file data.txt (compact mmCIF, C-alpha atoms)
# COMPACT_ATOMS: atom_id res chain seq x y z
CA MET F 1 94.33 -4.58 94.31
CA HIS F 2 91.00 -3.13 93.18
CA THR F 3 88.06 -5.37 92.58
CA PRO F 4 86.14 -5.15 89.28
CA GLU F 5 83.12 -3.90 91.20
CA ARG F 6 85.12 -1.04 92.73
CA ASN F 7 86.60 -0.17 89.36
CA SER F 8 83.12 0.02 87.89
CA ARG F 9 82.00 2.41 90.62
CA THR F 10 85.01 4.64 90.01
CA ALA F 11 84.39 4.64 86.28
CA LEU F 12 80.75 5.55 86.87
CA LYS F 13 81.74 8.45 89.10
CA LEU F 14 84.20 9.72 86.51
CA LEU F 15 81.60 9.41 83.79
CA THR F 16 79.05 11.27 85.90
CA ALA F 17 81.54 14.04 86.58
CA ALA F 18 82.41 14.29 82.88
CA VAL F 19 78.72 14.47 81.90
CA GLY F 20 78.16 17.11 84.59
CA MET F 21 81.04 19.23 83.31
CA PHE F 22 79.80 18.82 79.76
CA ALA F 23 76.28 19.86 80.74
CA PHE F 24 77.64 22.88 82.63
CA ALA F 25 79.73 23.96 79.63
CA VAL F 26 76.93 23.44 77.11
CA PHE F 27 73.80 24.51 78.97
CA LEU F 28 74.81 26.81 81.82
CA LEU F 29 77.97 28.61 80.71
CA PRO F 30 76.57 30.27 77.54
CA PRO F 31 73.64 32.02 79.26
CA LEU F 32 75.93 32.97 82.14
CA TYR F 33 78.44 34.37 79.66
CA ASP F 34 75.73 36.19 77.71
CA PHE F 35 74.34 37.66 80.89
CA ALA F 36 77.77 38.95 81.96
CA CYS F 37 78.41 40.37 78.47
CA GLU F 38 75.01 42.01 78.33
CA VAL F 39 75.48 43.59 81.73
CA LEU F 40 79.01 44.72 80.96
CA GLY F 41 78.55 45.44 77.27
CA ILE F 42 81.68 43.53 76.33
CA ASN F 43 82.63 41.31 73.42
CA GLY F 44 80.25 42.92 70.99
CA LYS F 45 77.16 42.11 73.02
CA ASN F 46 74.91 45.12 72.91
CA VAL F 47 77.94 47.39 72.63
CA SER F 48 76.11 50.59 71.79
CA THR F 49 73.92 50.38 74.85
CA ALA F 50 76.17 48.53 77.24
CA GLU F 51 75.12 49.35 80.72
CA ALA F 52 76.12 48.30 84.17
CA ALA F 53 75.51 49.76 87.53
CA THR F 54 78.73 51.33 88.81
CA GLY F 55 77.15 53.32 91.60
CA PRO F 56 73.89 55.06 92.29
CA ILE F 57 71.92 55.58 89.11
CA ASP F 58 69.79 58.66 88.69
CA TRP F 59 66.70 57.26 87.00
CA SER F 60 64.89 60.57 87.20
CA ARG F 61 66.72 62.20 84.31
CA GLU F 62 68.78 61.60 81.20
CA VAL F 63 71.73 63.52 79.83
CA THR F 64 72.36 63.84 76.11
CA VAL F 65 75.93 62.97 75.16
CA GLU F 66 77.24 63.94 71.73
CA PHE F 67 80.32 62.33 70.22
CA VAL F 68 82.69 64.21 67.94
CA ALA F 69 85.66 62.91 65.94
CA ASN F 70 88.42 65.16 64.62
CA THR F 71 91.50 64.15 62.72
CA PHE F 72 94.67 65.95 61.71
CA GLU F 73 94.22 64.94 58.10
CA PRO F 74 91.04 63.19 56.92
CA ALA F 75 92.77 62.04 53.75
CA VAL F 76 95.27 60.08 55.87
CA LEU F 77 93.18 58.86 58.78
CA ASP F 78 89.46 58.34 58.38
CA PHE F 79 88.11 58.81 61.88
CA ARG F 80 84.42 58.53 62.58
CA ALA F 81 82.27 59.17 65.64
CA PRO F 82 80.05 56.38 66.99
CA SER F 83 76.71 55.84 65.33
CA PRO F 84 74.40 57.24 66.53
CA SER F 85 76.54 60.23 67.37
CA LYS F 86 74.17 61.32 70.10
CA ILE F 87 72.76 59.20 72.93
CA ARG F 88 70.81 59.73 76.11
CA VAL F 89 72.11 58.22 79.31
CA HIS F 90 71.05 58.08 82.93
CA PRO F 91 73.74 59.52 85.22
CA GLY F 92 75.58 56.68 86.96
CA ARG F 93 74.99 54.15 84.20
CA LEU F 94 77.93 52.71 82.28
CA LYS F 95 77.87 53.25 78.53
CA GLU F 96 80.26 52.07 75.89
CA VAL F 97 80.49 53.36 72.35
CA SER F 98 82.91 52.71 69.53
CA TYR F 99 84.71 55.19 67.36
CA THR F 100 86.11 53.90 64.06
CA ALA F 101 89.48 54.77 62.58
CA ARG F 102 90.99 53.65 59.28
CA ASN F 103 94.42 54.24 57.83
CA ARG F 104 93.71 55.40 54.30
CA THR F 105 97.32 55.23 53.18
CA ASP F 106 99.53 52.38 52.07
CA GLU F 107 102.06 53.12 54.79
CA VAL F 108 102.24 52.30 58.49
CA LEU F 109 100.70 55.15 60.47
CA TRP F 110 101.41 56.13 64.09
CA VAL F 111 98.83 58.37 65.70
CA GLN F 112 97.73 59.45 69.14
CA ALA F 113 94.42 60.84 70.34
CA ILE F 114 93.43 63.29 73.00
CA HIS F 115 89.94 63.82 74.31
CA SER F 116 88.00 66.83 75.53
CA ILE F 117 84.69 67.34 77.25
CA VAL F 118 82.54 70.36 76.44
CA PRO F 119 81.63 72.33 78.44
CA GLY F 120 85.03 71.95 80.05
CA GLN F 121 83.93 72.72 83.57
CA HIS F 122 81.87 69.55 83.56
CA GLY F 123 84.73 67.32 82.42
CA LYS F 124 85.11 66.20 86.03
CA HIS F 125 81.59 64.77 85.85
CA VAL F 126 82.53 62.35 83.07
CA ASN F 127 84.16 59.27 84.58
CA VAL F 128 86.25 57.63 81.90
CA ILE F 129 86.24 53.85 82.22
CA GLU F 130 87.83 52.93 78.91
CA CYS F 131 89.66 55.28 76.60
CA PHE F 132 92.03 55.15 73.65
CA CYS F 133 93.73 58.49 74.13
CA PHE F 134 97.26 59.32 75.30
CA THR F 135 98.52 56.03 73.85
CA ALA F 136 100.42 55.73 70.59
CA GLN F 137 98.36 53.72 68.11
CA LYS F 138 99.85 51.88 65.18
CA PHE F 139 97.76 51.34 62.06
CA GLU F 140 98.93 49.04 59.32
CA PRO F 141 98.26 50.18 55.74
CA GLY F 142 94.50 50.17 55.17
CA GLU F 143 93.76 48.89 58.67
CA GLU F 144 90.42 49.77 60.23
CA ARG F 145 89.83 49.48 63.97
CA LYS F 146 87.06 50.02 66.48
CA LEU F 147 88.12 52.17 69.43
CA THR F 148 86.06 51.93 72.58
CA PHE F 149 85.10 54.74 74.87
CA GLY F 150 83.45 53.64 78.10
CA PHE F 151 82.12 56.13 80.59
CA THR F 152 79.60 57.12 83.19
CA ILE F 153 78.11 60.52 83.85
CA SER F 154 78.31 61.46 87.50
CA PRO F 155 74.96 61.94 89.23
CA LYS F 156 76.59 65.10 90.61
CA LEU F 157 76.30 66.74 87.19
CA PRO F 158 74.15 69.84 87.76
CA PRO F 159 70.53 69.19 86.68
CA GLU F 160 70.49 72.20 84.37
CA GLN F 161 73.31 70.66 82.29
CA GLY F 162 71.40 68.50 79.85
CA VAL F 163 73.98 68.10 77.09
CA LEU F 164 77.66 67.12 77.11
CA SER F 165 79.99 66.71 74.16
CA VAL F 166 82.83 64.22 74.04
CA SER F 167 85.44 65.01 71.44
CA TYR F 168 88.36 62.88 70.31
CA THR F 169 91.10 64.28 68.10
CA PHE F 170 93.81 62.21 66.43
CA PHE F 171 97.26 63.59 65.65
CA LYS F 172 100.08 62.02 63.70
CA LEU F 173 103.19 61.29 65.76
CA ASN F 174 106.47 62.88 64.71
CA ASN F 175 108.54 60.35 66.61
CA PRO F 176 106.85 56.93 66.48
CA PRO F 177 107.81 54.61 69.36
CA GLU F 178 109.45 52.16 66.97
CA ALA F 179 111.70 54.87 65.56
CA SER F 180 112.92 55.95 68.98
CA GLN F 181 113.82 52.43 70.11
CA MET A 1 71.27 31.27 89.40
CA ARG A 2 70.70 34.89 88.46
CA ARG A 3 72.16 35.99 91.80
CA ALA A 4 75.30 33.94 91.17
CA ALA A 5 75.64 35.41 87.70
CA ALA A 6 75.26 38.93 89.09
CA ALA A 7 77.94 38.21 91.67
CA LEU A 8 80.22 36.98 88.90
CA ALA A 9 79.49 40.13 86.88
CA VAL A 10 80.38 42.33 89.84
CA LEU A 11 83.60 40.38 90.30
CA VAL A 12 84.49 40.83 86.63
CA VAL A 13 83.76 44.57 86.88
CA ALA A 14 85.94 44.88 89.96
CA VAL A 15 88.83 43.11 88.27
CA ALA A 16 88.53 44.64 84.80
CA MET A 17 87.53 48.22 85.47
CA PRO A 18 90.38 50.72 85.70
CA ALA A 19 90.25 53.76 87.89
CA ALA A 20 89.30 57.01 86.20
CA ALA A 21 91.66 56.98 83.26
CA HIS A 22 94.70 59.15 82.72
CA SER A 23 94.78 61.62 85.54
CA LEU A 24 97.36 64.37 85.29
CA LYS A 25 99.73 62.44 87.56
CA GLU A 26 99.38 59.31 85.47
CA LEU A 27 100.12 61.26 82.33
CA GLU A 28 103.18 62.88 83.91
CA ALA A 29 104.46 59.45 84.92
CA GLU A 30 103.88 58.17 81.40
CA LEU A 31 105.56 61.16 79.75
CA ASN A 32 108.49 60.89 82.13
CA LYS A 33 109.12 57.49 80.60
CA ARG A 34 108.64 58.31 76.94
CA GLU A 35 109.31 62.06 76.44
CA ARG A 36 112.95 62.70 77.18
CA HIS A 37 112.65 66.37 76.22
CA GLY A 38 109.91 66.98 78.79
CA GLN A 39 110.59 68.19 82.32
CA PHE A 40 107.82 68.28 84.90
CA VAL A 41 108.11 70.81 87.68
CA GLY A 42 105.74 72.58 90.02
CA TYR A 43 106.39 76.04 91.34
CA PRO A 44 104.95 79.51 90.77
CA ALA A 45 105.83 80.82 87.32
CA PRO A 46 107.65 84.17 87.53
CA ASP A 47 105.10 86.87 86.92
CA PHE A 48 105.65 89.67 84.42
CA ARG A 49 104.09 92.87 83.16
CA LEU A 50 104.88 93.43 79.47
CA VAL A 51 103.06 94.97 76.51
CA ASP A 52 101.80 93.47 73.27
CA THR A 53 102.34 94.76 69.73
CA SER A 54 99.52 97.28 70.10
CA GLY A 55 100.93 98.60 73.38
CA GLN A 56 98.35 96.87 75.58
CA PRO A 57 99.77 95.72 78.93
CA LEU A 58 99.68 92.01 79.70
CA GLY A 59 100.69 90.16 82.83
CA LEU A 60 100.74 86.49 83.64
CA SER A 61 98.33 87.13 86.49
CA ASP A 62 95.80 88.40 83.91
CA LEU A 63 95.62 84.89 82.50
CA ARG A 64 94.43 82.99 85.56
CA GLY A 65 91.95 80.32 84.56
CA LYS A 66 93.77 79.54 81.31
CA VAL A 67 96.60 77.20 80.51
CA VAL A 68 99.50 79.29 79.21
CA VAL A 69 102.15 78.10 76.77
CA LEU A 70 105.03 80.56 77.00
CA ASN A 71 108.19 80.87 74.95
CA PHE A 72 111.01 83.39 74.63
CA ILE A 73 112.43 84.40 71.30
CA ALA A 74 114.79 86.84 69.64
CA THR A 75 113.02 88.37 66.68
CA ASP A 76 116.10 88.86 64.53
CA GLY A 77 115.19 85.70 62.63
CA LYS A 78 118.57 84.04 63.18
CA GLY A 79 119.36 80.70 64.71
CA ALA A 80 116.41 78.55 65.70
CA SER A 81 113.88 81.40 65.72
CA ALA A 82 112.09 80.34 62.56
CA SER A 83 111.87 76.70 63.59
CA HIS A 84 110.82 77.75 67.05
CA MET A 85 107.96 79.89 65.76
CA ALA A 86 106.92 77.23 63.25
CA LEU A 87 106.68 74.75 66.11
CA LEU A 88 104.63 77.21 68.12
CA ALA A 89 102.27 77.69 65.17
CA ARG A 90 101.87 73.94 64.86
CA LEU A 91 101.07 73.59 68.55
CA GLN A 92 98.52 76.35 68.26
CA SER A 93 96.79 74.67 65.33
CA MET A 94 96.71 71.35 67.21
CA VAL A 95 95.18 73.00 70.26
CA LYS A 96 92.57 74.59 68.01
CA LEU A 97 91.75 71.32 66.27
CA ALA A 98 91.26 69.73 69.69
CA GLY A 99 88.78 72.47 70.57
CA MET A 100 90.90 73.91 73.37
CA ASP A 101 91.62 77.36 71.93
CA GLU A 102 89.32 79.04 74.44
CA ALA A 103 91.16 77.41 77.34
CA VAL A 104 94.75 77.91 76.20
CA GLN A 105 96.72 81.13 75.71
CA PHE A 106 100.00 81.25 73.82
CA ILE A 107 102.48 83.96 74.79
CA SER A 108 105.75 84.73 73.00
CA VAL A 109 108.16 87.09 74.74
CA ALA A 110 110.57 89.07 72.57
CA ILE A 111 113.91 89.32 74.37
CA ASP A 112 115.44 91.88 71.99
CA ARG A 113 117.09 94.89 73.60
CA GLU A 114 117.01 97.20 70.58
CA ASP A 115 114.48 99.93 69.81
CA LEU A 116 110.91 98.83 70.36
CA GLY A 117 109.58 100.11 67.03
CA SER A 118 111.70 97.67 65.04
CA VAL A 119 111.02 94.83 67.44
CA ARG A 120 107.26 95.30 67.30
CA GLN A 121 107.34 95.49 63.52
CA ARG A 122 109.20 92.17 63.38
CA MET A 123 106.82 90.70 65.95
CA ARG A 124 103.85 91.53 63.73
CA GLU A 125 105.65 90.07 60.70
CA HIS A 126 106.38 86.88 62.66
CA GLY A 127 102.70 86.43 63.38
CA LYS A 128 101.77 86.72 59.71
CA ARG A 129 104.69 84.67 58.42
CA PHE A 130 103.96 81.70 60.65
CA GLY A 131 100.19 81.95 60.50
CA LEU A 132 99.77 82.45 64.23
CA ASP A 133 96.22 83.21 65.24
CA GLY A 134 95.88 86.34 67.35
CA LYS A 135 92.78 84.91 68.97
CA ASN A 136 94.83 83.04 71.56
CA TRP A 137 98.41 84.11 70.82
CA ARG A 138 100.04 87.35 71.88
CA PHE A 139 103.55 88.57 71.22
CA VAL A 140 104.83 90.74 74.06
CA SER A 141 107.92 92.78 74.79
CA ARG A 142 109.15 95.29 77.34
CA ALA A 143 107.31 98.60 77.63
CA GLU A 144 108.79 101.92 76.53
CA ASP A 145 109.90 102.84 80.02
CA ASP A 146 111.30 99.45 80.96
CA PRO A 147 115.04 98.78 81.05
CA ALA A 148 116.34 97.26 77.80
CA ASP A 149 117.14 93.95 79.48
CA THR A 150 113.69 93.48 81.09
CA ALA A 151 112.75 90.46 78.98
CA VAL A 152 116.24 88.96 79.29
CA ARG A 153 116.00 89.13 83.08
CA LEU A 154 112.57 87.50 82.86
CA ALA A 155 114.06 84.72 80.74
CA HIS A 156 116.71 84.20 83.41
CA ALA A 157 113.96 84.01 86.02
CA TYR A 158 112.51 81.16 83.95
CA LYS A 159 115.98 79.55 84.20
CA LEU A 160 116.69 79.87 80.51
CA GLY A 161 120.23 79.77 79.27
CA PHE A 162 121.54 81.84 76.39
CA SER A 163 123.87 80.85 73.63
CA ALA A 164 127.30 82.15 74.67
CA ALA A 165 128.78 81.89 71.20
CA ARG A 166 126.49 84.46 69.67
CA LYS A 167 126.80 88.19 69.78
CA GLU A 168 123.85 90.44 70.60
CA PRO A 169 121.01 89.82 70.37
CA GLN A 170 121.59 86.57 72.20
CA MET A 171 119.42 83.58 71.49
CA PRO A 172 117.55 82.09 74.42
CA ASP A 173 117.25 78.33 74.77
CA VAL A 174 114.29 76.90 72.94
CA VAL A 175 111.84 75.92 75.67
CA MET A 176 108.04 75.78 75.73
CA HIS A 177 106.82 76.48 79.26
CA VAL A 178 103.43 75.12 80.28
CA ILE A 179 101.76 77.08 83.08
CA ASP A 180 98.53 75.90 84.66
CA GLN A 181 95.36 77.85 85.38
CA THR A 182 96.59 78.90 88.82
CA GLY A 183 99.95 80.27 87.64
CA GLN A 184 102.05 77.24 88.50
CA LEU A 185 104.82 76.34 86.09
CA ARG A 186 104.08 72.66 85.43
CA ALA A 187 106.25 71.58 82.53
CA ARG A 188 109.08 72.62 80.26
CA PHE A 189 109.49 71.04 76.82
CA HIS A 190 113.04 71.56 75.63
CA GLY A 191 114.32 72.06 72.10
CA LEU A 192 112.65 71.34 68.80
CA LYS A 193 112.61 67.56 68.95
CA PHE A 194 109.95 66.82 71.53
CA GLU A 195 106.76 65.16 70.35
CA PRO A 196 104.18 67.92 69.84
CA VAL A 197 101.35 65.53 70.68
CA ASN A 198 102.87 65.04 74.11
CA LEU A 199 102.77 68.74 74.89
CA VAL A 200 99.21 69.02 73.60
CA SER A 201 98.21 65.94 75.60
CA TYR A 202 99.69 67.50 78.71
CA VAL A 203 97.87 70.77 78.07
CA ASN A 204 94.70 68.75 77.50
CA ALA A 205 95.15 66.98 80.83
CA LEU A 206 95.54 70.34 82.57
CA VAL A 207 92.39 71.62 80.89
CA ASN A 208 90.47 68.48 81.89
CA ASP A 209 91.93 68.60 85.42
CA ASP A 210 91.22 72.28 86.01
CA HIS A 211 90.90 72.89 89.74
CA SER A 212 90.76 76.66 89.39
CA ARG A 213 87.10 76.60 88.39
call {"tool": "encode", "arguments": {"input": "data.txt", "output": "structure tokens"}}
result
Amino acid sequence: MHTPERNSRTALKLLTAAVGMFAFAVFLLPPLYDFACEVLGINGKNVSTAEAATGPIDWSREVTVEFVANTFEPAVLDFRAPSPSKIRVHPGRLKEVSYTARNRTDEVLWVQAIHSIVPGQHGKHVNVIECFCFTAQKFEPGEERKLTFGFTISPKLPPEQGVLSVSYTFFKLNNPPEASQ
Amino acid sequence: MRRAAAALAVLVVAVAMPAAAHSLKELEAELNKRERHGQFVGYPAPDFRLVDTSGQPLGLSDLRGKVVVLNFIATDGKGASASHMALLARLQSMVKLAGMDEAVQFISVAIDREDLGSVRQRMREHGKRFGLDGKNWRFVSRAEDDPADTAVRLAHAYKLGFSAARKEPQMPDVVMHVIDQTGQLRARFHGLKFEPVNLVSYVNALVNDDHSR
């Protein structure tokens, strides 16, 4: 049998814990979340310049990376490169950019992208962290979607190579996954 | 506080970050699941020494450093020849759109046994009819001095079957062979129903994964 005094102490402890949790959620969690998003460039926070250390960063130089978007039929799929289409990045630093694709037809569209690095011999120096290629993509009629490309440039990229081009090309699928099921 | 947040960020990175995406092996595993017309192998592609429509010799070993897409065809225009060449032309245009035309060479081997003059004439007509770009596509056949069945024996070396129901010239199976930059036969895409994007994706992975450089 608990005494009223003991019950009061328990209630006070519970209230203190609840206030503490509330304070953590309201005052501490948002800046913590923002910091993580800023560092990682996720959830729309600073997407175009998202950066995070993923290894040694070469602060002594920058590499220009150009983004190119190609599509099998511009009248069917509007596919646009990130804006700006050219950025400068320190080797070793994570960057994320977003391509944009829109189904311009009134029918469901199944497409798939492939990506290329130019010059090709330096493709091995582009570490792909997030990519939308090699996967069948379904677009509802009129649907527009952001497609993220996350990458780092290896510090092993030869110093004389100052420019790289990243190209994505979308193709329409002959045999959409839904049709083959 | 900032140190704790950084530790949390590192933890999130470790959990969320994939390894370098879509290596060649990963793509092969994926295509094994979803492309039932694809077959992934790995052995030296049989070499050859043939000549193109202008009489220039061409061997597989001349193409080291490039991904080769190779097919065999009878030029008599019967059977699946037209569809086969149309598919090849589509693949070539896709490779070009993806900016890989410098890295990929298409080779069509004429298996016909009849006189070379007629065969070469039809080979040239095929190129025009299907809009194949001579920049990275060459049509080859046996040389003047070669035995009439040279290309047929080469097709057998590539383990192609031939339609038994047809009279001469026989039709080889429709197969697109993908050979890597070191001369290894890496994949065979059978028939006309495979997904062209899958072949181009595979070629793209070979180009991106080039260890011959």
call {"tool": "atom_distance", "arguments": {"input": "data.txt", "atom1": "CA of Ser154 in chain F", "atom2": "CA of Pro91 in chain F"}}
result
5.5 Å
call {"tool": "closest_residue", "arguments": {"input": "data.txt", "among": "F:Gly20, F:Gly123, F:Pro176, F:Pro56", "to": "Gly92 in chain F", "atoms": "only C-alpha atoms"}}
result
F:Pro56
call {"tool": "atom_distance", "arguments": {"input": "data.txt", "atom1": "CA of Val119 in chain A", "atom2": "CA of Val67 in chain A"}}
result
26.3 Å
call {"tool": "closest_residue", "arguments": {"input": "data.txt", "among": "A:Phe130, A:Phe40, A:Phe162, A:Phe189", "to": "Leu70 in chain A", "atoms": "only C-alpha atoms"}}
result
A:Phe189
call {"tool": "closest_atom_pairs", "arguments": {"input": "data.txt", "of": "chain F", "to": "chain A", "cutoff": "6 Å", "atoms": "all atoms listed in the file", "output": "CSV"}}
result
residue,atom,partner,partner_atom,distance
F:Ala36,CA,A:Ala9,CA,5.3
F:Gly123,CA,A:Asn208,CA,5.9
F:Asn127,CA,A:Ala20,CA,5.8
F:Val128,CA,A:Ala20,CA,5.3
F:Ile129,CA,A:Ala20,CA,5.9
F:Thr169,CA,A:Ala98,CA,5.7
call {"tool": "atom_distance", "arguments": {"input": "data.txt", "atom1": "CA of Met123 in chain A", "atom2": "CA of Asp47 in chain A"}}
result
21.4 Å
call {"tool": "residues_around", "arguments": {"input": "data.txt", "residues": "Gly59 in chain A", "least_positions_apart": "2", "cutoff": "8 Å", "atoms": "all atoms listed in the file", "output": "PyMOL selection string"}}
result
chain A and resi 47-50+57+61-63
call {"tool": "closest_residue", "arguments": {"input": "data.txt", "among": "F:Val89, F:Val126, F:Met21, F:Val166", "to": "Ala69 in chain F", "atoms": "all atoms listed in the file"}}
result
F:Val166
call {"tool": "axis_aligned_box", "arguments": {"input": "data.txt", "around": "range 118-132 of chain F", "padding_each_side": "6 Å", "output": "JSON"}}
result
{"center_x": 86.8, "center_y": 62.8, "center_z": 79.8, "size_x": 22.4, "size_y": 31.8, "size_z": 24.4}
call {"tool": "closest_residue", "arguments": {"input": "data.txt", "among": "F:Arg61, F:Thr71, F:Glu140, F:Asp106", "to": "Pro158 in chain F", "atoms": "only C-alpha atoms"}}
result
F:Arg61
call {"tool": "residues_around", "arguments": {"input": "data.txt", "residues": "Val63 in chain F", "least_positions_apart": "5", "cutoff": "9 Å", "atoms": "all atoms listed in the file", "output": "PyMOL selection string"}}
result
chain F and resi 87-91+153+159+161-164
call {"tool": "write_last_selection", "arguments": {"input": "data.txt", "atoms": "C-alpha atoms", "output": "compact mmCIF listing (two decimals), in the coordinates of the input"}}
result
# COMPACT_ATOMS: atom_id res chain seq x y z
CA ILE F 87 72.76 59.20 72.93
CA ARG F 88 70.81 59.73 76.11
CA VAL F 89 72.11 58.22 79.31
CA HIS F 90 71.05 58.08 82.93
CA PRO F 91 73.74 59.52 85.22
CA ILE F 153 78.11 60.52 83.85
CA PRO F 159 70.53 69.19 86.68
CA GLN F 161 73.31 70.66 82.29
CA GLY F 162 71.40 68.50 79.85
CA VAL F 163 73.98 68.10 77.09
CA LEU F 164 77.66 67.12 77.11
call {"tool": "residues_near_point", "arguments": {"input": "data.txt", "point": "(90.4, 52.0, 69.4)", "cutoff": "9 Å", "atoms": "all atoms listed in the file", "output": "VMD selection string"}}
result
chain F and resid 98 to 101 131 to 133 137 145 to 149
call {"tool": "closest_residue", "arguments": {"input": "data.txt", "among": "F:Val118, F:Leu157, F:Leu77, F:Ala11", "to": "Glu102 in chain A", "atoms": "only C-alpha atoms"}}
result
F:Val118
call {"tool": "residues_near_point", "arguments": {"input": "data.txt", "point": "(97.7, 59.3, 64.2)", "cutoff": "10 Å", "atoms": "all atoms listed in the file", "output": "PDB file with C-alpha atoms, keeping the file's coordinate frame"}}
result
ATOM      1  CA  THR F  71      91.500  64.150  62.720  1.00  0.00           C
ATOM      2  CA  PHE F  72      94.670  65.950  61.710  1.00  0.00           C
ATOM      3  CA  GLU F  73      94.220  64.940  58.100  1.00  0.00           C
ATOM      4  CA  VAL F  76      95.270  60.080  55.870  1.00  0.00           C
ATOM      5  CA  LEU F  77      93.180  58.860  58.780  1.00  0.00           C
ATOM      6  CA  PHE F  79      88.110  58.810  61.880  1.00  0.00           C
ATOM      7  CA  ALA F 101      89.480  54.770  62.580  1.00  0.00           C
ATOM      8  CA  ASN F 103      94.420  54.240  57.830  1.00  0.00           C
ATOM      9  CA  LEU F 109     100.700  55.150  60.470  1.00  0.00           C
ATOM     10  CA  TRP F 110     101.410  56.130  64.090  1.00  0.00           C
ATOM     11  CA  VAL F 111      98.830  58.370  65.700  1.00  0.00           C
ATOM     12  CA  GLN F 112      97.730  59.450  69.140  1.00  0.00           C
ATOM     13  CA  ALA F 113      94.420  60.840  70.340  1.00  0.00           C
ATOM     14  CA  ALA F 136     100.420  55.730  70.590  1.00  0.00           C
ATOM     15  CA  GLN F 137      98.360  53.720  68.110  1.00  0.00           C
ATOM     16  CA  LYS F 138      99.850  51.880  65.180  1.00  0.00           C
ATOM     17  CA  PHE F 139      97.760  51.340  62.060  1.00  0.00           C
ATOM     18  CA  THR F 169      91.100  64.280  68.100  1.00  0.00           C
ATOM     19  CA  PHE F 170      93.810  62.210  66.430  1.00  0.00           C
ATOM     20  CA  PHE F 171      97.260  63.590  65.650  1.00  0.00           C
ATOM     21  CA  LYS F 172     100.080  62.020  63.700  1.00  0.00           C
ATOM     22  CA  LEU F 173     103.190  61.290  65.760  1.00  0.00           C
ATOM     23  CA  ASN F 174     106.470  62.880  64.710  1.00  0.00           C
ATOM     24  CA  PRO F 176     106.850  56.930  66.480  1.00  0.00           C
TER      25      PRO F 176
ATOM     26  CA  VAL A 197     101.350  65.530  70.680  1.00  0.00           C
TER      27      VAL A 197
END
